[in-house]
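Listing of input_31.tsv; format and content: TSV, C-alpha atoms and all ligand atoms.
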chain	number	residue	atom	x	y	z
A	1	MET	CA	-25.12	34.94	-20.24
A	2	LYS	CA	-22.98	31.83	-20.79
A	3	LYS	CA	-22.81	29.26	-18.01
A	4	VAL	CA	-19.63	27.40	-17.11
A	5	VAL	CA	-19.32	24.51	-14.65
A	6	LEU	CA	-15.84	24.55	-13.11
A	7	ALA	CA	-14.17	21.64	-11.29
A	8	TYR	CA	-13.22	23.53	-8.17
A	9	SER	CA	-10.68	22.41	-5.56
A	10	GLY	CA	-10.70	25.45	-3.32
A	11	GLY	CA	-7.04	26.09	-4.02
A	12	LEU	CA	-5.46	29.25	-5.40
A	13	ASP	CA	-5.55	28.21	-9.07
A	14	THR	CA	-9.21	27.29	-9.28
A	15	SER	CA	-10.22	30.23	-7.07
A	16	CYS	CA	-8.55	32.66	-9.46
A	17	ALA	CA	-10.08	30.67	-12.33
A	18	VAL	CA	-13.61	31.42	-11.13
A	19	ARG	CA	-13.09	35.15	-11.41
A	20	TRP	CA	-10.93	34.92	-14.50
A	21	ILE	CA	-13.54	32.91	-16.45
A	22	ARG	CA	-16.29	35.24	-15.30
A	23	ASP	CA	-14.42	38.29	-16.54
A	24	THR	CA	-12.79	36.86	-19.65
A	25	TYR	CA	-15.86	35.10	-21.02
A	26	SER	CA	-18.55	37.21	-19.31
A	27	ALA	CA	-19.88	33.95	-17.99
A	28	GLU	CA	-21.72	32.73	-14.95
A	29	VAL	CA	-19.50	30.28	-13.08
A	30	ILE	CA	-20.90	27.30	-11.18
A	31	CYS	CA	-18.38	25.49	-9.00
A	32	PHE	CA	-18.29	21.76	-8.44
A	33	SER	CA	-16.12	20.15	-5.75
A	34	ALA	CA	-15.82	16.41	-5.25
A	35	PHE	CA	-14.53	14.60	-2.19
A	36	LEU	CA	-12.70	11.44	-3.24
A	37	GLY	CA	-10.55	11.22	-0.16
A	38	GLU	CA	-10.33	14.01	2.31
A	39	VAL	CA	-13.52	15.68	3.33
A	40	GLN	CA	-13.13	19.45	3.33
A	41	ASP	CA	-15.18	21.96	5.28
A	42	ARG	CA	-18.19	22.63	3.04
A	43	LYS	CA	-18.80	26.05	4.51
A	44	VAL	CA	-15.25	27.24	3.92
A	45	LEU	CA	-15.24	25.84	0.41
A	46	THR	CA	-18.53	27.55	-0.43
A	47	GLN	CA	-17.35	30.86	1.02
A	48	ARG	CA	-14.19	30.75	-1.04
A	49	ALA	CA	-15.98	29.93	-4.26
A	50	ARG	CA	-18.54	32.68	-3.63
A	51	SER	CA	-15.85	35.22	-2.80
A	52	ALA	CA	-14.33	34.47	-6.19
A	53	GLY	CA	-17.65	35.09	-7.88
A	54	ALA	CA	-19.30	31.66	-8.19
A	55	SER	CA	-23.07	31.86	-8.66
A	56	LYS	CA	-23.65	28.40	-7.27
A	57	VAL	CA	-21.57	25.73	-5.54
A	58	TYR	CA	-22.01	21.96	-5.73
A	59	ILE	CA	-20.11	19.91	-3.16
A	60	GLU	CA	-20.36	16.14	-3.30
A	61	ASP	CA	-18.88	13.28	-1.35
A	62	LEU	CA	-18.16	10.75	-4.11
A	63	LYS	CA	-15.98	8.36	-2.14
A	64	LYS	CA	-18.44	5.50	-2.38
A	65	GLU	CA	-18.94	5.80	-6.12
A	66	PHE	CA	-15.19	6.21	-6.56
A	67	ALA	CA	-14.50	3.06	-4.54
A	68	HIS	CA	-17.10	0.89	-6.26
A	69	ASP	CA	-16.93	2.06	-9.85
A	70	PHE	CA	-13.27	3.01	-10.24
A	71	VAL	CA	-11.11	1.54	-7.47
A	72	ARG	CA	-12.78	-1.88	-7.46
A	73	PRO	CA	-12.24	-2.52	-11.19
A	74	ALA	CA	-8.67	-1.22	-10.88
A	75	LEU	CA	-8.08	-3.69	-8.04
A	76	TRP	CA	-9.43	-6.56	-10.12
A	77	ALA	CA	-7.15	-5.50	-12.95
A	78	HIS	CA	-4.17	-5.13	-10.57
A	79	ALA	CA	-3.65	-1.81	-12.29
A	80	LYS	CA	-0.20	-0.31	-11.75
A	81	TYR	CA	1.25	2.10	-14.28
A	82	GLU	CA	4.81	1.14	-15.18
A	83	GLY	CA	4.52	-1.60	-12.61
A	84	LYS	CA	4.45	0.73	-9.63
A	85	TYR	CA	1.87	3.53	-9.57
A	86	PHE	CA	-1.59	2.44	-8.42
A	87	LEU	CA	-3.20	5.24	-10.45
A	88	ALA	CA	-5.05	6.99	-7.63
A	89	THR	CA	-5.08	10.37	-9.37
A	90	ALA	CA	-5.73	8.88	-12.80
A	91	LEU	CA	-8.78	6.96	-11.55
A	92	GLY	CA	-10.33	10.03	-9.93
A	93	ARG	CA	-10.37	12.21	-13.05
A	94	PRO	CA	-12.95	10.33	-15.12
A	95	LEU	CA	-15.38	10.48	-12.20
A	96	ILE	CA	-14.90	14.23	-11.95
A	97	ALA	CA	-15.42	14.49	-15.72
A	98	LYS	CA	-18.61	12.45	-15.44
A	99	ARG	CA	-20.08	14.69	-12.76
A	100	LEU	CA	-19.05	17.85	-14.65
A	101	VAL	CA	-21.03	16.61	-17.64
A	102	GLN	CA	-24.06	15.69	-15.52
A	103	ILE	CA	-24.10	19.01	-13.69
A	104	ALA	CA	-23.68	20.89	-16.98
A	105	ALA	CA	-26.76	19.08	-18.30
A	106	LYS	CA	-28.76	19.87	-15.20
A	107	GLU	CA	-27.73	23.52	-15.24
A	108	ARG	CA	-28.11	23.82	-19.02
A	109	ALA	CA	-24.50	24.99	-19.22
A	110	GLY	CA	-22.72	24.72	-22.54
A	111	CYS	CA	-19.28	24.78	-21.10
A	112	VAL	CA	-17.13	23.10	-18.44
A	113	ALA	CA	-13.74	24.11	-17.07
A	114	HIS	CA	-10.91	22.63	-15.03
A	115	GLY	CA	-7.79	23.81	-13.24
A	116	CYS	CA	-5.34	21.22	-14.57
A	117	SER	CA	-1.97	22.46	-15.73
A	118	GLY	CA	-1.02	22.47	-19.38
A	119	LYS	CA	1.78	19.92	-19.11
A	120	GLY	CA	0.30	17.15	-17.03
A	121	ASN	CA	-1.78	14.05	-17.57
A	122	ASP	CA	-4.82	15.29	-15.70
A	123	GLN	CA	-5.96	17.71	-18.42
A	124	VAL	CA	-6.02	14.73	-20.78
A	125	ARG	CA	-8.12	12.62	-18.43
A	126	VAL	CA	-10.66	15.33	-17.68
A	127	GLU	CA	-11.03	16.54	-21.26
A	128	LEU	CA	-11.19	13.11	-22.89
A	129	GLY	CA	-13.67	12.07	-20.23
A	130	VAL	CA	-15.89	15.06	-20.89
A	131	ARG	CA	-15.72	14.66	-24.66
A	132	SER	CA	-16.55	10.98	-24.62
A	133	LEU	CA	-19.64	11.71	-22.50
A	134	ASN	CA	-20.76	14.86	-24.31
A	135	SER	CA	-18.74	16.14	-27.24
A	136	LYS	CA	-20.92	19.23	-27.59
A	137	LEU	CA	-19.61	20.80	-24.39
A	138	LYS	CA	-16.98	23.45	-24.76
A	139	ILE	CA	-14.01	22.96	-22.44
A	140	LEU	CA	-12.04	25.77	-20.85
A	141	ALA	CA	-8.60	25.27	-19.34
A	142	PRO	CA	-7.72	28.66	-17.80
A	143	LEU	CA	-4.26	27.48	-16.70
A	144	ARG	CA	-3.33	26.95	-20.35
A	145	GLU	CA	-4.71	30.33	-21.33
A	146	TRP	CA	-4.14	32.96	-18.73
A	147	SER	CA	-1.01	35.03	-18.41
A	148	PHE	CA	-0.17	34.52	-14.72
A	149	SER	CA	3.35	33.18	-14.59
A	150	SER	CA	3.82	32.77	-10.87
A	151	ARG	CA	2.00	32.04	-7.69
A	152	GLU	CA	2.73	35.59	-6.51
A	153	GLU	CA	0.86	37.03	-9.48
A	154	GLU	CA	-2.12	34.84	-8.68
A	155	ILE	CA	-2.04	35.90	-5.02
A	156	ALA	CA	-1.97	39.56	-6.08
A	157	TYR	CA	-4.93	38.94	-8.42
A	158	ALA	CA	-6.87	37.21	-5.64
A	159	LYS	CA	-6.16	40.09	-3.27
A	160	LYS	CA	-7.23	42.69	-5.80
A	161	HIS	CA	-10.55	40.95	-6.35
A	162	GLY	CA	-11.26	40.05	-2.73
A	163	ILE	CA	-10.94	36.31	-3.34
A	164	LEU	CA	-10.51	34.37	-0.10
A	165	VAL	CA	-7.49	32.09	-0.22
A	166	SER	CA	-6.15	29.61	2.31
A	167	ALA	CA	-4.07	31.33	4.98
A	168	THR	CA	-1.93	28.26	5.66
A	169	LYS	CA	1.45	28.26	4.03
A	170	LYS	CA	1.46	26.46	0.70
A	171	SER	CA	3.23	23.12	0.74
A	172	PRO	CA	6.42	23.06	-1.35
A	173	TYR	CA	4.93	20.07	-3.20
A	174	SER	CA	2.02	19.55	-5.52
A	175	ILE	CA	-0.21	17.00	-3.87
A	176	ASP	CA	-3.27	15.10	-5.02
A	177	LYS	CA	-4.94	12.85	-2.50
A	178	ASN	CA	-7.79	10.40	-2.52
A	179	ILE	CA	-8.65	7.12	-0.80
A	180	TRP	CA	-6.56	5.11	-3.29
A	181	GLY	CA	-3.38	7.08	-2.62
A	182	VAL	CA	-1.44	10.29	-2.48
A	183	SER	CA	0.52	11.66	-5.46
A	184	ILE	CA	3.32	14.06	-4.62
A	185	GLU	CA	5.45	15.99	-7.06
A	186	ALA	CA	7.42	19.22	-7.62
A	187	GLY	CA	9.74	21.14	-5.30
A	188	VAL	CA	12.96	19.31	-4.45
A	189	LEU	CA	11.48	16.10	-5.84
A	190	GLU	CA	12.25	17.44	-9.30
A	191	ASP	CA	15.83	16.30	-8.75
A	192	PRO	CA	15.55	12.54	-9.36
A	193	TRP	CA	18.86	11.90	-7.60
A	194	ARG	CA	17.72	13.45	-4.38
A	195	GLU	CA	16.08	11.30	-1.73
A	196	PRO	CA	12.56	12.52	-0.99
A	197	PRO	CA	12.65	14.47	2.27
A	198	GLU	CA	10.40	13.14	5.02
A	199	ASP	CA	8.15	16.18	4.78
A	200	ALA	CA	7.05	15.06	1.31
A	201	TYR	CA	5.10	12.16	2.76
A	202	ARG	CA	1.57	12.65	3.99
A	203	ILE	CA	0.18	9.36	5.27
A	204	THR	CA	3.08	6.97	5.82
A	205	ARG	CA	5.71	6.86	8.53
A	206	PRO	CA	9.35	6.22	7.70
A	207	PRO	CA	10.34	2.60	8.46
A	208	ASP	CA	12.51	3.65	11.40
A	209	ARG	CA	9.58	5.29	13.14
A	210	THR	CA	7.13	2.41	12.92
A	211	PRO	CA	6.18	0.12	15.80
A	212	LYS	CA	8.84	-2.54	16.35
A	213	ALA	CA	6.52	-5.52	16.71
A	214	PRO	CA	4.93	-6.94	13.56
A	215	TYR	CA	1.23	-6.50	12.91
A	216	TYR	CA	-0.74	-9.39	11.44
A	217	LEU	CA	-3.83	-8.76	9.42
A	218	THR	CA	-6.30	-11.00	7.64
A	219	ILE	CA	-8.38	-9.82	4.73
A	220	ASP	CA	-11.36	-11.84	3.54
A	221	PHE	CA	-12.58	-11.59	-0.03
A	222	THR	CA	-15.95	-12.61	-1.41
A	223	ALA	CA	-16.14	-12.84	-5.19
A	224	GLY	CA	-13.18	-10.51	-5.55
A	225	ILE	CA	-14.40	-7.87	-3.11
A	226	PRO	CA	-12.55	-7.34	0.15
A	227	VAL	CA	-15.30	-7.67	2.74
A	228	SER	CA	-13.61	-7.90	6.11
A	229	LEU	CA	-10.50	-7.04	8.04
A	230	ASN	CA	-9.40	-9.23	10.92
A	231	GLY	CA	-12.81	-10.88	10.94
A	232	LYS	CA	-14.71	-7.60	11.12
A	233	ARG	CA	-17.04	-6.96	8.19
A	234	MET	CA	-16.49	-3.56	6.60
A	235	SER	CA	-17.76	-1.89	3.49
A	236	LEU	CA	-15.27	-0.81	0.89
A	237	VAL	CA	-14.63	2.84	1.78
A	238	PRO	CA	-14.08	2.34	5.54
A	239	LEU	CA	-11.97	-0.73	4.79
A	240	ILE	CA	-9.72	1.22	2.45
A	241	GLU	CA	-9.47	4.08	4.92
A	242	ARG	CA	-8.61	1.69	7.73
A	243	LEU	CA	-5.90	0.03	5.63
A	244	ASN	CA	-4.43	3.41	4.75
A	245	ALA	CA	-4.17	4.25	8.44
A	246	LEU	CA	-2.79	0.85	9.40
A	247	GLY	CA	-0.39	0.49	6.49
A	248	GLY	CA	0.71	4.09	6.91
A	249	ARG	CA	1.55	3.51	10.56
A	250	TYR	CA	3.80	0.62	9.51
A	251	GLY	CA	5.36	2.56	6.64
A	252	ALA	CA	3.92	0.40	3.86
A	253	GLY	CA	3.12	1.58	0.35
A	254	ARG	CA	5.70	4.23	-0.45
A	255	MET	CA	6.85	4.52	-4.06
A	256	ASP	CA	9.46	6.72	-5.66
A	257	LEU	CA	9.68	6.65	-9.44
A	258	VAL	CA	10.48	8.43	-12.64
A	259	GLU	CA	7.44	7.92	-14.85
A	260	ASN	CA	6.61	8.60	-18.47
A	261	ARG	CA	3.82	11.13	-18.76
A	262	LEU	CA	1.51	10.97	-21.71
A	263	VAL	CA	2.61	14.45	-22.81
A	264	GLY	CA	6.12	13.15	-23.43
A	265	ILE	CA	7.85	14.31	-20.27
A	266	LYS	CA	9.56	12.10	-17.73
A	267	SER	CA	8.67	13.17	-14.24
A	268	ARG	CA	9.77	12.19	-10.77
A	269	GLU	CA	6.84	11.25	-8.60
A	270	VAL	CA	6.46	10.03	-5.08
A	271	TYR	CA	3.40	8.06	-4.10
A	272	GLU	CA	1.89	6.74	-0.91
A	273	ALA	CA	-0.70	4.03	-1.30
A	274	PRO	CA	-0.87	1.76	1.76
A	275	ALA	CA	-4.38	0.42	1.15
A	276	ALA	CA	-3.81	-0.06	-2.57
A	277	THR	CA	-0.54	-1.90	-1.88
A	278	ILE	CA	-2.09	-4.18	0.74
A	279	LEU	CA	-5.25	-4.94	-1.22
A	280	ASN	CA	-3.42	-5.55	-4.49
A	281	LEU	CA	-0.96	-7.92	-2.89
A	282	ALA	CA	-3.73	-9.76	-1.06
A	283	HIS	CA	-5.96	-10.01	-4.12
A	284	GLU	CA	-3.08	-11.17	-6.34
A	285	GLU	CA	-2.12	-13.74	-3.77
A	286	LEU	CA	-5.63	-15.12	-3.55
A	287	GLU	CA	-5.79	-15.32	-7.33
A	288	SER	CA	-2.62	-17.40	-7.37
A	289	LEU	CA	-4.44	-19.91	-5.23
A	290	VAL	CA	-7.67	-20.08	-7.21
A	291	LEU	CA	-6.79	-19.37	-10.85
A	292	ASP	CA	-5.19	-21.80	-13.25
A	293	ARG	CA	-1.80	-21.06	-14.75
A	294	GLU	CA	-2.88	-19.98	-18.24
A	295	LEU	CA	-5.47	-17.50	-17.02
A	296	MET	CA	-3.06	-16.12	-14.44
A	297	HIS	CA	-0.29	-15.56	-16.92
A	298	TYR	CA	-2.50	-14.16	-19.65
A	299	LYS	CA	-4.29	-11.64	-17.47
A	300	ARG	CA	-0.99	-10.02	-16.55
A	301	LEU	CA	-0.60	-8.88	-20.13
A	302	LEU	CA	-4.03	-7.30	-19.98
A	303	SER	CA	-3.22	-5.62	-16.65
A	304	GLU	CA	-0.41	-3.80	-18.37
A	305	LYS	CA	-2.72	-2.59	-21.13
A	306	TYR	CA	-5.44	-1.66	-18.66
A	307	SER	CA	-3.04	0.45	-16.60
A	308	GLU	CA	-1.98	2.34	-19.70
A	309	LEU	CA	-5.58	3.05	-20.69
A	310	VAL	CA	-6.34	4.45	-17.25
A	311	TYR	CA	-3.16	6.50	-17.19
A	312	TYR	CA	-3.75	7.83	-20.70
A	313	GLY	CA	-7.24	9.10	-19.89
A	314	LEU	CA	-9.01	6.42	-21.94
A	315	TRP	CA	-11.51	5.43	-19.24
A	316	PHE	CA	-14.70	5.90	-21.22
A	317	THR	CA	-13.67	3.61	-24.05
A	318	PRO	CA	-14.83	0.25	-25.38
A	319	LEU	CA	-11.51	-1.43	-24.64
A	320	ARG	CA	-11.49	-0.40	-20.98
A	321	GLU	CA	-15.04	-1.65	-20.62
A	322	ALA	CA	-14.25	-4.92	-22.36
A	323	LEU	CA	-11.19	-5.48	-20.19
A	324	ASP	CA	-13.28	-4.83	-17.09
A	325	GLN	CA	-15.61	-7.58	-18.19
A	326	PHE	CA	-12.69	-9.89	-18.68
A	327	PHE	CA	-11.29	-9.26	-15.19
A	328	ALA	CA	-14.80	-9.54	-13.72
A	329	SER	CA	-15.47	-12.86	-15.45
A	330	TYR	CA	-13.50	-14.98	-12.98
A	331	GLN	CA	-13.91	-12.97	-9.78
A	332	ASN	CA	-16.53	-15.41	-8.49
A	333	ARG	CA	-13.59	-17.74	-7.85
A	334	VAL	CA	-11.72	-15.10	-5.82
A	335	THR	CA	-13.19	-15.95	-2.45
A	336	GLY	CA	-11.03	-16.67	0.55
A	337	SER	CA	-8.63	-15.10	3.02
A	338	VAL	CA	-5.12	-13.74	2.94
A	339	ARG	CA	-2.99	-13.27	6.01
A	340	MET	CA	-0.31	-10.61	5.93
A	341	LYS	CA	2.35	-9.15	8.12
A	342	LEU	CA	3.30	-5.49	8.37
A	343	GLN	CA	6.64	-4.59	9.87
A	344	CYS	CA	9.03	-1.66	9.58
A	345	GLY	CA	7.97	-0.58	6.11
A	346	SER	CA	7.63	-4.06	4.72
A	347	LEU	CA	4.53	-6.01	3.81
A	348	ALA	CA	4.50	-9.77	3.34
A	349	VAL	CA	1.90	-12.41	2.68
A	350	VAL	CA	2.21	-15.17	5.26
A	351	GLY	CA	-0.87	-17.30	4.54
A	352	ARG	CA	-3.75	-17.81	2.15
A	353	ARG	CA	-6.77	-20.10	1.97
A	354	SER	CA	-9.90	-20.47	-0.12
A	355	PRO	CA	-12.87	-22.79	-0.56
A	356	ARG	CA	-12.11	-22.49	-4.31
A	357	SER	CA	-8.44	-23.32	-3.90
A	358	LEU	CA	-6.76	-25.27	-6.70
A	359	TYR	CA	-3.86	-26.15	-4.45
A	360	SER	CA	-3.67	-29.85	-3.71
A	361	GLU	CA	-1.43	-31.01	-0.94
A	362	ARG	CA	-1.78	-34.61	-2.17
A	363	LEU	CA	-0.15	-33.57	-5.43
A	364	ALA	CA	2.35	-31.10	-4.03
A	365	THR	CA	3.71	-33.03	-1.09
A	366	TYR	CA	7.13	-34.65	-0.96
A	367	SER	CA	5.94	-36.88	1.84
A	368	ALA	CA	4.66	-40.46	1.71
A	369	ARG	CA	1.13	-39.19	1.03
A	370	ASP	CA	2.18	-38.16	-2.47
A	371	GLU	CA	-0.36	-39.05	-5.18
A	372	PHE	CA	1.36	-37.38	-8.12
A	373	ASP	CA	1.85	-39.79	-11.02
A	374	ARG	CA	5.61	-39.67	-11.50
A	375	ALA	CA	5.51	-42.32	-14.19
A	376	ALA	CA	3.39	-40.01	-16.34
A	377	ALA	CA	6.08	-37.33	-16.07
A	378	GLU	CA	8.38	-39.37	-18.24
A	379	GLY	CA	6.09	-39.44	-21.27
A	380	PHE	CA	5.20	-35.81	-20.78
A	381	LEU	CA	8.86	-34.80	-20.80
A	382	LYS	CA	9.61	-36.85	-23.90
A	383	ILE	CA	7.06	-34.93	-25.91
A	384	TRP	CA	7.52	-31.51	-24.34
A	385	GLY	CA	11.22	-31.48	-25.20
A	386	LEU	CA	10.87	-33.13	-28.60
A	387	PRO	CA	11.02	-29.99	-30.78
A	388	TYR	CA	14.30	-28.94	-29.18
A	389	GLU	CA	16.26	-32.13	-29.36
A	390	LYS	CA	19.66	-31.72	-30.91
A	391	LYS	CA	20.19	-34.33	-33.58
A	392	ARG	CA	23.82	-35.29	-34.16
B	1	LIG	N1	1.73	11.67	-12.14
B	1	LIG	C1	0.49	11.26	-11.59
B	1	LIG	C2	-0.53	11.01	-12.65
B	1	LIG	O1	-0.35	11.45	-13.74
B	1	LIG	C3	0.01	12.18	-10.51
B	1	LIG	C4	-0.31	13.58	-10.90
B	1	LIG	C5	-0.98	14.19	-9.74
B	1	LIG	N2	-0.91	15.55	-9.54
B	1	LIG	C6	-0.28	16.14	-8.51
B	1	LIG	N3	-0.65	17.32	-8.21
B	1	LIG	N4	0.63	15.56	-7.81
B	1	LIG	O2	-1.53	10.37	-12.41

Write out the structure in this file as structure tokens.
Ligand code: ARG
Amino acid sequence: MKKVVLAYSGGLDTSCAVRWIRDTYSAEVICFSAFLGEVQDRKVLTQRARSAGASKVYIEDLKKEFAHDFVRPALWAHAKYEGKYFLATALGRPLIAKRLVQIAAKERAGCVAHGCSGKGNDQVRVELGVRSLNSKLKILAPLREWSFSSREEEIAYAKKHGILVSATKKSPYSIDKNIWGVSIEAGVLEDPWREPPEDAYRITRPPDRTPKAPYYLTIDFTAGIPVSLNGKRMSLVPLIERLNALGGRYGAGRMDLVENRLVGIKSREVYEAPAATILNLAHEELESLVLDRELMHYKRLLSEKYSELVYYGLWFTPLREALDQFFASYQNRVTGSVRMKLQCGSLAVVGRRSPRSLYSERLATYSARDEFDRAAAEGFLKIWGLPYEKKR
């Protein structure tokens, strides 16, 4: 019998997919669930997968690997698709693809499957990821193949086959959540003119329901890695989780945008990414203190490219790897602290310092201590403007 490893979320789609693959391809289905943010109840997840006909269930907490191997490079790259989206969902998919391929090898399965829809970006990320790691694997995408056309049909199918499904009412939105952020789409959000209702948000408070007093926080970085919050040393995952909770309480990190999907559609998306917003701003701010102008300006162009690669599912590619090396090459300078202020939905940098700082008060000051050579400015200006002089 054929063996298929399915990326399993425990939701209705992938639960039906277990049974559907088993029956359609007379295959043995092994489920794989990854925790990249929320930790689900392993027992419940296993029961559901088994009720749908899974022969085996892998459940793995991959938060640490996600934080170190995907989020950290994205932070160094200041990756934001179309200048706004911190790519939480997009960064998670290549890791899931990687584990699918590894489990398939271990189980001697010739096939992997996923529950991504046929019109989104996620199918691209999972399938390109799988193919660049093992092009011999066959890939099944039941949601592109099967004939269910509504949720009701899927529920009826689940009922008929004794598949356990969540009893809680389904949210009107499609939500993907991990430690780097929450992606929310569908339902009333499909009208781009309509303000997202409060119930769309998962981890942030609206600005008018945040504490009135400002909250000051200090983040210390060592060689580009955020290592402590308010003087307390923390490893990456707990630090990100803490910043999500803190930022969320102060309403920071909400985004509402119309973005260009790879498959050609424009879609309205709402995102919540308090930790990503705070860490990106802090890291960028520290870089402005320690990097020279040319490097700072040039790397922004590469950030744009990097964000596209991640969004387009091109994680396992030479260019992404090369860009990671570029961004990593100067991180040893990015050591220091950034002080920030959270208040009523806003986030501001209020201070920064670094032992590697290139800021010189002697040169910047307008006071009597000034050591800047003004006389040299004259010659510099003469030559700088020379090509543009208007001859009459
Ligand atoms: N548009 C985002 C992306 O392509 C998020 C998609 C996430 N899926 C969801 N169910 N909301 O990365």

Near-ligand residues for ligand LIG 1 (chain B), threshold 6 Å, all atoms listed in the file, as a ChimeraX atom specification = /A:87,89-90,121,174-176,183-185

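The interatomic distance for the pair CA of Glu287 in chain A and CA of Arg352 in chain A works out to 10.0 Å.
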
Contacts of range 39-42 of chain A within 9 Å, all atoms listed in the file, excl. fewer than 5 positions in-chain, as JSON, numbers by chain | {"A": [34, 47, 59, 61]}

Take the residues just selected and output them with C-alpha atoms as a compact mmCIF listing (two decimals), in the frame of the given file.
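Listing of selection_14.txt after writing:
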# COMPACT_ATOMS: atom_id res chain seq x y z
CA ALA A 34 -15.82 16.41 -5.25
CA GLN A 47 -17.35 30.86 1.02
CA ILE A 59 -20.11 19.91 -3.16
CA ASP A 61 -18.88 13.28 -1.35

So how far away is CA of Ser117 in chain A from CA of Gly253 in chain A, in Å?
-> 26.8 Å

Separation of CA of Leu75 in chain A from CA of Ala276 in chain A, in Å and rounded to one decimal |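 Computed distance, CA of Leu75 in chain A to CA of Ala276 in chain A, equals 7.8 Å.
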
Top pick for closest residue to Met296 in chain A, considering A:Leu95, A:Thr46, A:Ala77, A:Lys3 and counting all atoms listed in the file =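 With all atoms listed in the file as the atom set, the closest residue is A:Ala77.
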
Each residue of range 260-295 of chain A with at least one atom at most 8 Å from range 196-217 of chain A should appear once, together with its nearest atom pair and the corresponding distance in Å (one decimal); atoms considered: all atoms listed in the file; ordering: chain, then increasing residue number; output as JSON lines.
{"residue": "A:Val270", "atom": "CA", "partner": "A:Pro196", "partner_atom": "CA", "distance": 7.8}
{"residue": "A:Glu272", "atom": "CA", "partner": "A:Thr204", "partner_atom": "CA", "distance": 6.8}
{"residue": "A:Pro274", "atom": "CA", "partner": "A:Thr204", "partner_atom": "CA", "distance": 7.7}

Nearest to Ala74 in chain A, chosen from A:Tyr312, A:Tyr271, A:Tyr388, A:Tyr306, with only C-alpha atoms counted in the distances =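 Ranking A:Tyr312, A:Tyr271, A:Tyr388, A:Tyr306 by distance to Ala74 in chain A, first place goes to A:Tyr306.
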
Pick out the closest residue to Gln325 in chain A from this set: A:Ala377, A:Glu28, A:Trp76, A:Glu285. Count only C-alpha atoms.
-> A:Trp76

Arg268 in chain A: which residues within 9 Å, counting all atoms listed in the file, same-chain residues fewer than 2 positions away excluded, as an MDAnalysis selection string?
-> chainID A and resid 185:186 189:192 256:259 266 270
